[in-house]
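Chemist: The following file, input-v2.pdb, comprises PDB, C-alpha atoms and all ligand atoms:
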ATOM      1  CA  MET I   1      19.965  42.086  -4.912
ATOM      2  CA  ALA I   2      23.377  40.533  -4.529
ATOM      3  CA  VAL I   3      25.962  41.170  -7.242
ATOM      4  CA  ASN I   4      26.558  37.497  -7.961
ATOM      5  CA  ARG I   5      22.957  36.783  -8.944
ATOM      6  CA  VAL I   6      21.475  38.091 -12.195
ATOM      7  CA  PRO I   7      18.119  39.661 -11.374
ATOM      8  CA  LEU I   8      15.060  38.065 -12.977
ATOM      9  CA  LEU I   9      12.048  40.149 -13.948
ATOM     10  CA  ALA I  10       9.282  37.708 -14.758
ATOM     11  CA  GLY I  11       5.847  38.515 -16.150
ATOM     12  CA  ASN I  12       3.077  36.103 -15.177
ATOM     13  CA  TRP I  13       0.343  36.809 -17.719
ATOM     14  CA  LYS I  14      -2.142  34.521 -15.956
ATOM     15  CA  MET I  15      -5.150  33.883 -18.262
ATOM     16  CA  ASN I  16      -4.538  36.906 -20.495
ATOM     17  CA  LEU I  17      -3.431  37.380 -24.138
ATOM     18  CA  ASP I  18      -4.149  34.795 -26.847
ATOM     19  CA  HIS I  19      -1.385  33.565 -29.141
ATOM     20  CA  LEU I  20      -1.770  36.419 -31.637
ATOM     21  CA  GLN I  21      -1.715  38.998 -28.871
ATOM     22  CA  ALA I  22       1.283  37.196 -27.383
ATOM     23  CA  ILE I  23       3.265  37.561 -30.608
ATOM     24  CA  ALA I  24       2.475  41.275 -30.839
ATOM     25  CA  PHE I  25       3.314  41.767 -27.157
ATOM     26  CA  VAL I  26       6.661  39.963 -27.206
ATOM     27  CA  GLN I  27       7.692  41.756 -30.412
ATOM     28  CA  LYS I  28       6.869  45.124 -28.901
ATOM     29  CA  LEU I  29       8.606  44.229 -25.639
ATOM     30  CA  ALA I  30      11.771  43.244 -27.503
ATOM     31  CA  TRP I  31      11.750  46.465 -29.566
ATOM     32  CA  THR I  32      11.092  48.632 -26.544
ATOM     33  CA  LEU I  33      13.944  47.096 -24.558
ATOM     34  CA  LYS I  34      16.298  47.198 -27.539
ATOM     35  CA  ASP I  35      15.463  50.861 -28.204
ATOM     36  CA  ALA I  36      16.287  51.565 -24.580
ATOM     37  CA  SER I  37      19.604  49.650 -24.963
ATOM     38  CA  HIS I  38      18.620  47.230 -22.240
ATOM     39  CA  ASP I  39      21.489  45.021 -21.099
ATOM     40  CA  PHE I  40      19.880  41.560 -21.062
ATOM     41  CA  ASP I  41      22.907  40.100 -19.274
ATOM     42  CA  ALA I  42      22.437  42.533 -16.405
ATOM     43  CA  ALA I  43      18.728  41.842 -15.883
ATOM     44  CA  GLU I  44      16.992  38.775 -17.285
ATOM     45  CA  VAL I  45      13.499  39.106 -18.731
ATOM     46  CA  ALA I  46      10.997  36.253 -18.819
ATOM     47  CA  VAL I  47       7.349  35.951 -19.794
ATOM     48  CA  PHE I  48       4.870  33.293 -18.702
ATOM     49  CA  PRO I  49       2.070  33.135 -21.270
ATOM     50  CA  PRO I  50      -0.856  30.679 -21.279
ATOM     51  CA  PHE I  51      -0.064  27.202 -22.671
ATOM     52  CA  THR I  52      -1.742  27.927 -26.005
ATOM     53  CA  ASP I  53       0.686  30.805 -26.696
ATOM     54  CA  LEU I  54       3.915  28.953 -26.004
ATOM     55  CA  ARG I  55       4.550  27.561 -29.486
ATOM     56  CA  SER I  56       4.040  31.021 -31.016
ATOM     57  CA  VAL I  57       6.357  32.653 -28.490
ATOM     58  CA  GLN I  58       8.957  29.931 -29.032
ATOM     59  CA  THR I  59       8.871  30.450 -32.805
ATOM     60  CA  LEU I  60       9.171  34.224 -32.520
ATOM     61  CA  VAL I  61      11.991  34.117 -29.957
ATOM     62  CA  ALA I  62      13.945  31.618 -32.077
ATOM     63  CA  ALA I  63      13.352  33.373 -35.424
ATOM     64  CA  ASP I  64      14.275  36.845 -34.142
ATOM     65  CA  LYS I  65      16.941  35.560 -31.713
ATOM     66  CA  LEU I  66      15.348  37.475 -28.856
ATOM     67  CA  SER I  67      16.957  37.456 -25.421
ATOM     68  CA  ILE I  68      13.621  36.928 -23.744
ATOM     69  CA  ALA I  69      13.110  33.752 -21.753
ATOM     70  CA  PHE I  70       9.714  32.139 -21.381
ATOM     71  CA  GLY I  71       7.960  29.508 -19.372
ATOM     72  CA  ALA I  72       4.606  27.967 -18.541
ATOM     73  CA  GLN I  73       2.317  28.772 -15.630
ATOM     74  CA  ASP I  74       1.912  25.162 -14.467
ATOM     75  CA  LEU I  75       2.734  21.567 -15.382
ATOM     76  CA  SER I  76       1.590  18.055 -14.542
ATOM     77  CA  MET I  77       3.346  16.040 -11.874
ATOM     78  CA  HIS I  78       3.084  13.086 -14.311
ATOM     79  CA  ASP I  79       5.205  12.416 -17.388
ATOM     80  CA  SER I  80       2.425  11.193 -19.714
ATOM     81  CA  GLY I  81      -0.734   9.109 -19.743
ATOM     82  CA  ALA I  82      -4.442   9.292 -18.982
ATOM     83  CA  TYR I  83      -4.520  12.767 -17.402
ATOM     84  CA  THR I  84      -7.032  14.716 -19.452
ATOM     85  CA  GLY I  85      -6.219  18.396 -19.657
ATOM     86  CA  GLU I  86      -2.764  18.072 -18.118
ATOM     87  CA  ILE I  87       0.510  19.204 -19.695
ATOM     88  CA  SER I  88       3.740  17.255 -19.238
ATOM     89  CA  GLY I  89       7.016  18.938 -18.391
ATOM     90  CA  ALA I  90       8.481  16.957 -21.297
ATOM     91  CA  PHE I  91       6.209  18.876 -23.691
ATOM     92  CA  LEU I  92       7.261  22.200 -22.177
ATOM     93  CA  ALA I  93      10.924  21.286 -22.513
ATOM     94  CA  GLN I  94      10.314  20.476 -26.206
ATOM     95  CA  LEU I  95       8.940  24.006 -26.594
ATOM     96  CA  ASP I  96      12.210  25.423 -25.219
ATOM     97  CA  CYS I  97      10.587  26.662 -22.026
ATOM     98  CA  THR I  98      13.272  27.608 -19.520
ATOM     99  CA  TYR I  99      10.947  28.031 -16.559
ATOM    100  CA  VAL I 100       7.657  26.851 -15.143
ATOM    101  CA  ILE I 101       5.678  28.526 -12.362
ATOM    102  CA  ILE I 102       4.636  26.084  -9.650
ATOM    103  CA  GLY I 103       2.303  26.519  -6.702
ATOM    104  CA  HIS I 104       0.998  29.966  -7.550
ATOM    105  CA  SER I 105      -1.523  30.965  -4.889
ATOM    106  CA  GLU I 106      -4.266  30.996  -7.524
ATOM    107  CA  ARG I 107      -3.561  27.312  -8.226
ATOM    108  CA  ARG I 108      -3.329  26.534  -4.518
ATOM    109  CA  THR I 109      -6.688  28.228  -3.881
ATOM    110  CA  LEU I 110      -8.691  27.600  -7.062
ATOM    111  CA  HIS I 111      -7.312  24.138  -7.871
ATOM    112  CA  ALA I 112      -6.705  22.865  -4.345
ATOM    113  CA  GLU I 113      -2.980  22.312  -4.881
ATOM    114  CA  ASP I 114      -1.398  21.519  -1.538
ATOM    115  CA  ASP I 115       2.271  21.421  -0.572
ATOM    116  CA  THR I 116       2.567  17.743  -1.565
ATOM    117  CA  VAL I 117       1.281  18.472  -5.078
ATOM    118  CA  VAL I 118       3.614  21.460  -5.305
ATOM    119  CA  ALA I 119       6.544  19.235  -4.258
ATOM    120  CA  ALA I 120       5.655  16.598  -6.895
ATOM    121  CA  LYS I 121       5.373  19.269  -9.589
ATOM    122  CA  THR I 122       8.677  20.842  -8.526
ATOM    123  CA  ALA I 123      10.386  17.452  -8.821
ATOM    124  CA  ALA I 124       8.728  16.886 -12.238
ATOM    125  CA  ALA I 125       9.987  20.243 -13.505
ATOM    126  CA  VAL I 126      13.563  19.521 -12.433
ATOM    127  CA  LYS I 127      13.350  16.021 -13.932
ATOM    128  CA  HIS I 128      12.425  17.510 -17.314
ATOM    129  CA  GLY I 129      15.178  20.126 -17.244
ATOM    130  CA  LEU I 130      12.888  23.060 -16.463
ATOM    131  CA  VAL I 131      13.622  25.623 -13.770
ATOM    132  CA  PRO I 132      10.690  25.654 -11.348
ATOM    133  CA  VAL I 133       9.620  29.061 -10.076
ATOM    134  CA  VAL I 134       8.268  27.835  -6.761
ATOM    135  CA  CYS I 135       5.680  30.237  -5.357
ATOM    136  CA  VAL I 136       5.066  30.543  -1.643
ATOM    137  CA  GLY I 137       3.231  33.111   0.441
ATOM    138  CA  GLU I 138       0.938  33.706   3.371
ATOM    139  CA  THR I 139      -2.653  34.908   3.421
ATOM    140  CA  ALA I 140      -3.742  37.931   5.456
ATOM    141  CA  GLU I 141      -5.093  35.509   8.048
ATOM    142  CA  ASP I 142      -1.771  33.591   8.185
ATOM    143  CA  LEU I 143       0.022  36.889   8.597
ATOM    144  CA  GLU I 144      -2.116  37.817  11.563
ATOM    145  CA  LYS I 145      -1.869  34.394  13.188
ATOM    146  CA  HIS I 146       1.694  33.306  12.425
ATOM    147  CA  GLY I 147       3.607  36.383  11.230
ATOM    148  CA  PRO I 148       5.048  36.758   7.738
ATOM    149  CA  SER I 149       7.618  33.942   7.457
ATOM    150  CA  ALA I 150       6.140  30.807   9.046
ATOM    151  CA  VAL I 151       3.786  29.742   6.235
ATOM    152  CA  PRO I 152       6.079  30.512   3.266
ATOM    153  CA  VAL I 153       8.982  28.804   5.043
ATOM    154  CA  ALA I 154       6.919  25.653   5.669
ATOM    155  CA  GLN I 155       5.629  25.659   2.079
ATOM    156  CA  LEU I 156       9.143  25.938   0.662
ATOM    157  CA  ARG I 157      10.537  23.253   2.938
ATOM    158  CA  THR I 158       8.007  20.720   1.606
ATOM    159  CA  ALA I 159       8.487  21.831  -2.009
ATOM    160  CA  LEU I 160      12.253  21.350  -1.901
ATOM    161  CA  GLU I 161      12.381  18.054  -0.046
ATOM    162  CA  GLY I 162      13.871  15.350  -2.219
ATOM    163  CA  LEU I 163      15.635  17.696  -4.660
ATOM    164  CA  ASP I 164      19.346  17.284  -5.336
ATOM    165  CA  ALA I 165      21.702  20.011  -4.123
ATOM    166  CA  GLY I 166      22.495  20.892  -7.743
ATOM    167  CA  ALA I 167      18.858  21.606  -8.652
ATOM    168  CA  ASP I 168      18.353  24.897 -10.446
ATOM    169  CA  ILE I 169      15.333  26.606  -8.927
ATOM    170  CA  VAL I 170      13.830  30.058  -8.452
ATOM    171  CA  VAL I 171      11.720  30.929  -5.418
ATOM    172  CA  ALA I 172       8.960  33.526  -5.579
ATOM    173  CA  TYR I 173       7.642  35.029  -2.369
ATOM    174  CA  GLU I 174       4.151  36.241  -3.113
ATOM    175  CA  PRO I 175       2.100  37.269  -0.084
ATOM    176  CA  VAL I 176      -1.472  36.396  -1.067
ATOM    177  CA  TRP I 177      -2.771  39.656   0.403
ATOM    178  CA  ALA I 178      -0.487  41.628  -1.929
ATOM    179  CA  ILE I 179      -1.499  39.906  -5.182
ATOM    180  CA  GLY I 180      -3.651  42.106  -7.376
ATOM    181  CA  SER I 181      -4.567  44.269  -4.389
ATOM    182  CA  GLY I 182      -2.438  47.315  -5.129
ATOM    183  CA  GLN I 183      -1.099  46.812  -1.607
ATOM    184  CA  ALA I 184       2.472  45.601  -2.068
ATOM    185  CA  ALA I 185       4.559  44.387   0.855
ATOM    186  CA  THR I 186       7.189  46.851   2.014
ATOM    187  CA  PRO I 187      10.748  46.168   0.824
ATOM    188  CA  ASP I 188      11.575  45.455   4.454
ATOM    189  CA  GLN I 189       8.852  42.817   4.749
ATOM    190  CA  ALA I 190       9.934  41.221   1.451
ATOM    191  CA  GLU I 191      13.571  41.150   2.575
ATOM    192  CA  GLN I 192      12.735  39.564   5.919
ATOM    193  CA  VAL I 193      10.851  36.677   4.291
ATOM    194  CA  ALA I 194      13.322  36.334   1.387
ATOM    195  CA  ALA I 195      16.150  35.949   3.926
ATOM    196  CA  ALA I 196      14.183  33.250   5.765
ATOM    197  CA  LEU I 197      13.497  31.473   2.456
ATOM    198  CA  ARG I 198      17.192  31.577   1.570
ATOM    199  CA  ASP I 199      17.895  29.885   4.899
ATOM    200  CA  VAL I 200      15.501  27.101   3.871
ATOM    201  CA  VAL I 201      17.341  26.674   0.553
ATOM    202  CA  ARG I 202      20.607  26.493   2.533
ATOM    203  CA  GLU I 203      19.210  23.988   5.016
ATOM    204  CA  ILE I 204      17.870  21.649   2.305
ATOM    205  CA  LEU I 205      20.105  22.182  -0.734
ATOM    206  CA  GLY I 206      23.277  23.561   0.847
ATOM    207  CA  ASP I 207      25.396  26.711   0.769
ATOM    208  CA  GLU I 208      26.144  26.768  -2.940
ATOM    209  CA  ALA I 209      22.447  26.546  -3.837
ATOM    210  CA  ALA I 210      21.583  29.227  -1.274
ATOM    211  CA  THR I 211      24.151  31.570  -2.813
ATOM    212  CA  ARG I 212      23.065  31.091  -6.414
ATOM    213  CA  THR I 213      19.257  30.694  -6.061
ATOM    214  CA  ARG I 214      17.243  33.732  -6.998
ATOM    215  CA  ILE I 215      14.417  34.754  -4.716
ATOM    216  CA  LEU I 216      11.777  36.995  -6.261
ATOM    217  CA  TYR I 217       9.136  39.165  -4.676
ATOM    218  CA  GLY I 218       5.646  39.251  -6.202
ATOM    219  CA  GLY I 219       2.482  41.164  -5.360
ATOM    220  CA  SER I 220       1.449  44.545  -6.787
ATOM    221  CA  VAL I 221       4.905  45.266  -8.233
ATOM    222  CA  LYS I 222       4.997  48.369 -10.455
ATOM    223  CA  SER I 223       7.659  50.553 -12.017
ATOM    224  CA  SER I 224       7.162  52.981  -9.142
ATOM    225  CA  ASN I 225       7.948  50.458  -6.369
ATOM    226  CA  ILE I 226      10.431  48.010  -7.971
ATOM    227  CA  ALA I 227      13.365  50.157  -6.849
ATOM    228  CA  GLY I 228      12.805  49.572  -3.175
ATOM    229  CA  PHE I 229      12.587  45.800  -3.566
ATOM    230  CA  MET I 230      15.697  45.568  -5.733
ATOM    231  CA  ARG I 231      17.793  47.392  -3.142
ATOM    232  CA  GLU I 232      17.252  44.543  -0.683
ATOM    233  CA  PRO I 233      20.130  42.036  -0.521
ATOM    234  CA  ASN I 234      17.960  38.909  -0.634
ATOM    235  CA  VAL I 235      15.458  40.039  -3.284
ATOM    236  CA  ASP I 236      16.735  39.067  -6.728
ATOM    237  CA  GLY I 237      13.871  40.131  -8.935
ATOM    238  CA  ALA I 238      10.122  40.129  -9.201
ATOM    239  CA  LEU I 239       7.193  38.051 -10.390
ATOM    240  CA  ILE I 240       4.828  40.563 -11.891
ATOM    241  CA  GLY I 241       1.154  40.039 -12.715
ATOM    242  CA  GLY I 242      -1.006  42.967 -13.822
ATOM    243  CA  ALA I 243       1.870  45.339 -14.590
ATOM    244  CA  SER I 244       3.480  42.756 -16.887
ATOM    245  CA  LEU I 245       0.584  43.090 -19.344
ATOM    246  CA  ASP I 246       1.517  46.657 -20.267
ATOM    247  CA  VAL I 247       4.638  46.707 -22.452
ATOM    248  CA  ASN I 248       5.834  50.136 -21.330
ATOM    249  CA  GLU I 249       5.214  49.486 -17.664
ATOM    250  CA  PHE I 250       6.839  46.050 -17.782
ATOM    251  CA  SER I 251       9.834  47.430 -19.718
ATOM    252  CA  SER I 252      10.239  50.121 -17.120
ATOM    253  CA  ILE I 253      10.254  47.486 -14.363
ATOM    254  CA  VAL I 254      12.814  45.424 -16.316
ATOM    255  CA  ARG I 255      14.998  48.537 -16.654
ATOM    256  CA  PHE I 256      14.938  49.239 -12.929
ATOM    257  CA  GLN I 257      18.725  49.592 -12.902
ATOM    258  CA  LYS I 258      18.400  52.707 -15.041
ATOM    259  CA  HIS I 259      15.938  54.509 -12.862
ATOM    260  CA  VAL I 260      16.582  53.325  -9.340
ATOM    261  CA  GLY I 261      20.272  53.888  -8.962
ATOM    262  CA  VAL I 262      21.197  50.390  -7.765
TER     263      VAL I 262
HETATM  264  P1  LIG H   1       0.044  41.340  -9.376
HETATM  265  O1  LIG H   1       1.394  41.856  -9.827
HETATM  266  O2  LIG H   1      -1.056  41.645 -10.343
HETATM  267  O3  LIG H   1      -0.250  41.710  -7.966
HETATM  268  O4  LIG H   1       0.160  39.729  -9.398
HETATM  269  C1  LIG H   1       1.239  39.119  -8.786
HETATM  270  C2  LIG H   1       1.252  37.696  -9.174
HETATM  271  O5  LIG H   1       0.383  36.934  -8.790
HETATM  272  C3  LIG H   1       2.347  37.246 -10.054
HETATM  273  O6  LIG H   1       2.406  35.860 -10.093
END
Translate this file's structure into structure tokens.
Modeler:
Amino acid sequence: MAVNRVPLLAGNWKMNLDHLQAIAFVQKLAWTLKDASHDFDAAEVAVFPPFTDLRSVQTLVAADKLSIAFGAQDLSMHDSGAYTGEISGAFLAQLDCTYVIIGHSERRTLHAEDDTVVAAKTAAAVKHGLVPVVCVGETAEDLEKHGPSAVPVAQLRTALEGLDAGADIVVAYEPVWAIGSGQAATPDQAEQVAAALRDVVREILGDEAATRTRILYGGSVKSSNIAGFMREPNVDGALIGGASLDVNEFSSIVRFQKHVGV
């Protein structure tokens, strides 16, 4: 983590927690972090609930003035129209979403989203004033065939093509083999790929963007391994799945600065 970038600890709930559970969860998360005197300016917290929870989370965050950001897990590449089941970035912006996850490996695999779709969705997010959290990562097979960086680098290059240099984005490196497997990458592996991804941001969006863009690691992150990742200069936070569904565990990850000595 570099000093000039505020770390982002982001919880991707995937298809978990309905809107009532979401309210209870976010309330408890806010209390837990407040009780622990968490400095929200020193480490940003964000949650990514299912679409159906977003209005409830928005209302709670606004009413209680919580310093917890939120976003959606996907969006349509289109603005509006005959796209049954799709959600426009314009709707997400109206719900005060700051972020939107794009190109998660589960969407790439289960919904056949390729790099072109991911690029169109990234552009749509930026167009609607949302910060895309662009996910890239290699499978175990890619890793064996091409090494760790080649596939994520190619994925990111396509996703960023056509964006303006001023675009506000977040990149998440999530090796597919590490997601939900309990087998996280090593901090060294994460750093190596994060550095390569930062070079892609520099090549396409320029130096300023490369310096300010946060690059997250995701894949079996827990409170017991976050420390190692956050010590790496090019890793600026984490995208957390399973461990983000437990308030105490997620809070502990968010408070990594208190227990890792960085
Ligand atoms: P896990 O933290 O459960 O491995 O999931 C990572 C992930 O896919 C976050 O987007």
Chemist: Neighbours of ligand LIG 1 (chain H) within 6 Å, counting only C-alpha atoms and all ligand atoms, as an NGL selection string?
Modeler: :I and (12 or 179-180 or 218-221 or 239-243)
Chemist: Between I:Thr122, I:Thr98, I:Thr116, I:Ser80, single out the one closest to Leu54 of chain I, counting all atoms listed in the file.
Modeler: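 Comparing I:Thr122, I:Thr98, I:Thr116, I:Ser80 against Leu54 of chain I, the winner is I:Thr98.
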Chemist: Kindly resolve the PyMOL selection byres (((chain I and resi 32) around 12) and not hetatm) on the present coordinates and return the residues as a PyMOL selection string.
Modeler: chain I and resi 25-31+33-38+246-252+254-255
Chemist: Between atom CA of Ile215 of chain I and atom CA of Ala123 of chain I, what is the spacing in Å?
Modeler: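 Distance between the two atoms: 18.2 Å.
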Chemist: Go through I:Ala165, I:Cys97, I:Ala172, I:Ile253 and flag the residue nearest Gly129 of chain I, using only C-alpha atoms for the distances.
Modeler: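 Closest to Gly129 of chain I, using only C-alpha atoms: I:Cys97.
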Chemist: What would the selection look like, as a compact mmCIF listing (two decimals) with C-alpha atoms, keeping the file's coordinate frame, if the PyMOL selection byres (((chain I and resi 201) around 12) and not hetatm) were run on the coordinates I just shared?
Modeler:
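Below is the file selection.txt, written as the result:
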# COMPACT_ATOMS: atom_id res chain seq x y z
CA VAL I 134 8.27 27.84 -6.76
CA VAL I 153 8.98 28.80 5.04
CA ALA I 154 6.92 25.65 5.67
CA GLN I 155 5.63 25.66 2.08
CA LEU I 156 9.14 25.94 0.66
CA ARG I 157 10.54 23.25 2.94
CA THR I 158 8.01 20.72 1.61
CA ALA I 159 8.49 21.83 -2.01
CA LEU I 160 12.25 21.35 -1.90
CA GLU I 161 12.38 18.05 -0.05
CA LEU I 163 15.64 17.70 -4.66
CA ASP I 164 19.35 17.28 -5.34
CA ALA I 165 21.70 20.01 -4.12
CA GLY I 166 22.50 20.89 -7.74
CA ALA I 167 18.86 21.61 -8.65
CA ASP I 168 18.35 24.90 -10.45
CA ILE I 169 15.33 26.61 -8.93
CA VAL I 170 13.83 30.06 -8.45
CA VAL I 171 11.72 30.93 -5.42
CA ALA I 194 13.32 36.33 1.39
CA ALA I 195 16.15 35.95 3.93
CA ALA I 196 14.18 33.25 5.76
CA LEU I 197 13.50 31.47 2.46
CA ARG I 198 17.19 31.58 1.57
CA ASP I 199 17.90 29.88 4.90
CA VAL I 200 15.50 27.10 3.87
CA ARG I 202 20.61 26.49 2.53
CA GLU I 203 19.21 23.99 5.02
CA ILE I 204 17.87 21.65 2.31
CA LEU I 205 20.10 22.18 -0.73
CA GLY I 206 23.28 23.56 0.85
CA ASP I 207 25.40 26.71 0.77
CA GLU I 208 26.14 26.77 -2.94
CA ALA I 209 22.45 26.55 -3.84
CA ALA I 210 21.58 29.23 -1.27
CA THR I 211 24.15 31.57 -2.81
CA ARG I 212 23.06 31.09 -6.41
CA THR I 213 19.26 30.69 -6.06
CA ARG I 214 17.24 33.73 -7.00
CA ILE I 215 14.42 34.75 -4.72
Chemist: Using the chain letters and numbering of this document, enumerate as a ChimeraX atom specification the residues selected by the PyMOL selection byres (((chain I and resi 125) around 10) and not hetatm).
Modeler: /I:74-79,88-90,92-93,99-102,119-124,126-133,169
Chemist: Using only C-alpha atoms for the distances, tell me which of I:Ala22, I:Leu17, I:Leu60, I:Ala43 is nearest to Gly237 of chain I.
Modeler: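 Residue with the minimum atom-to-atom distance to Gly237 of chain I: I:Ala43.
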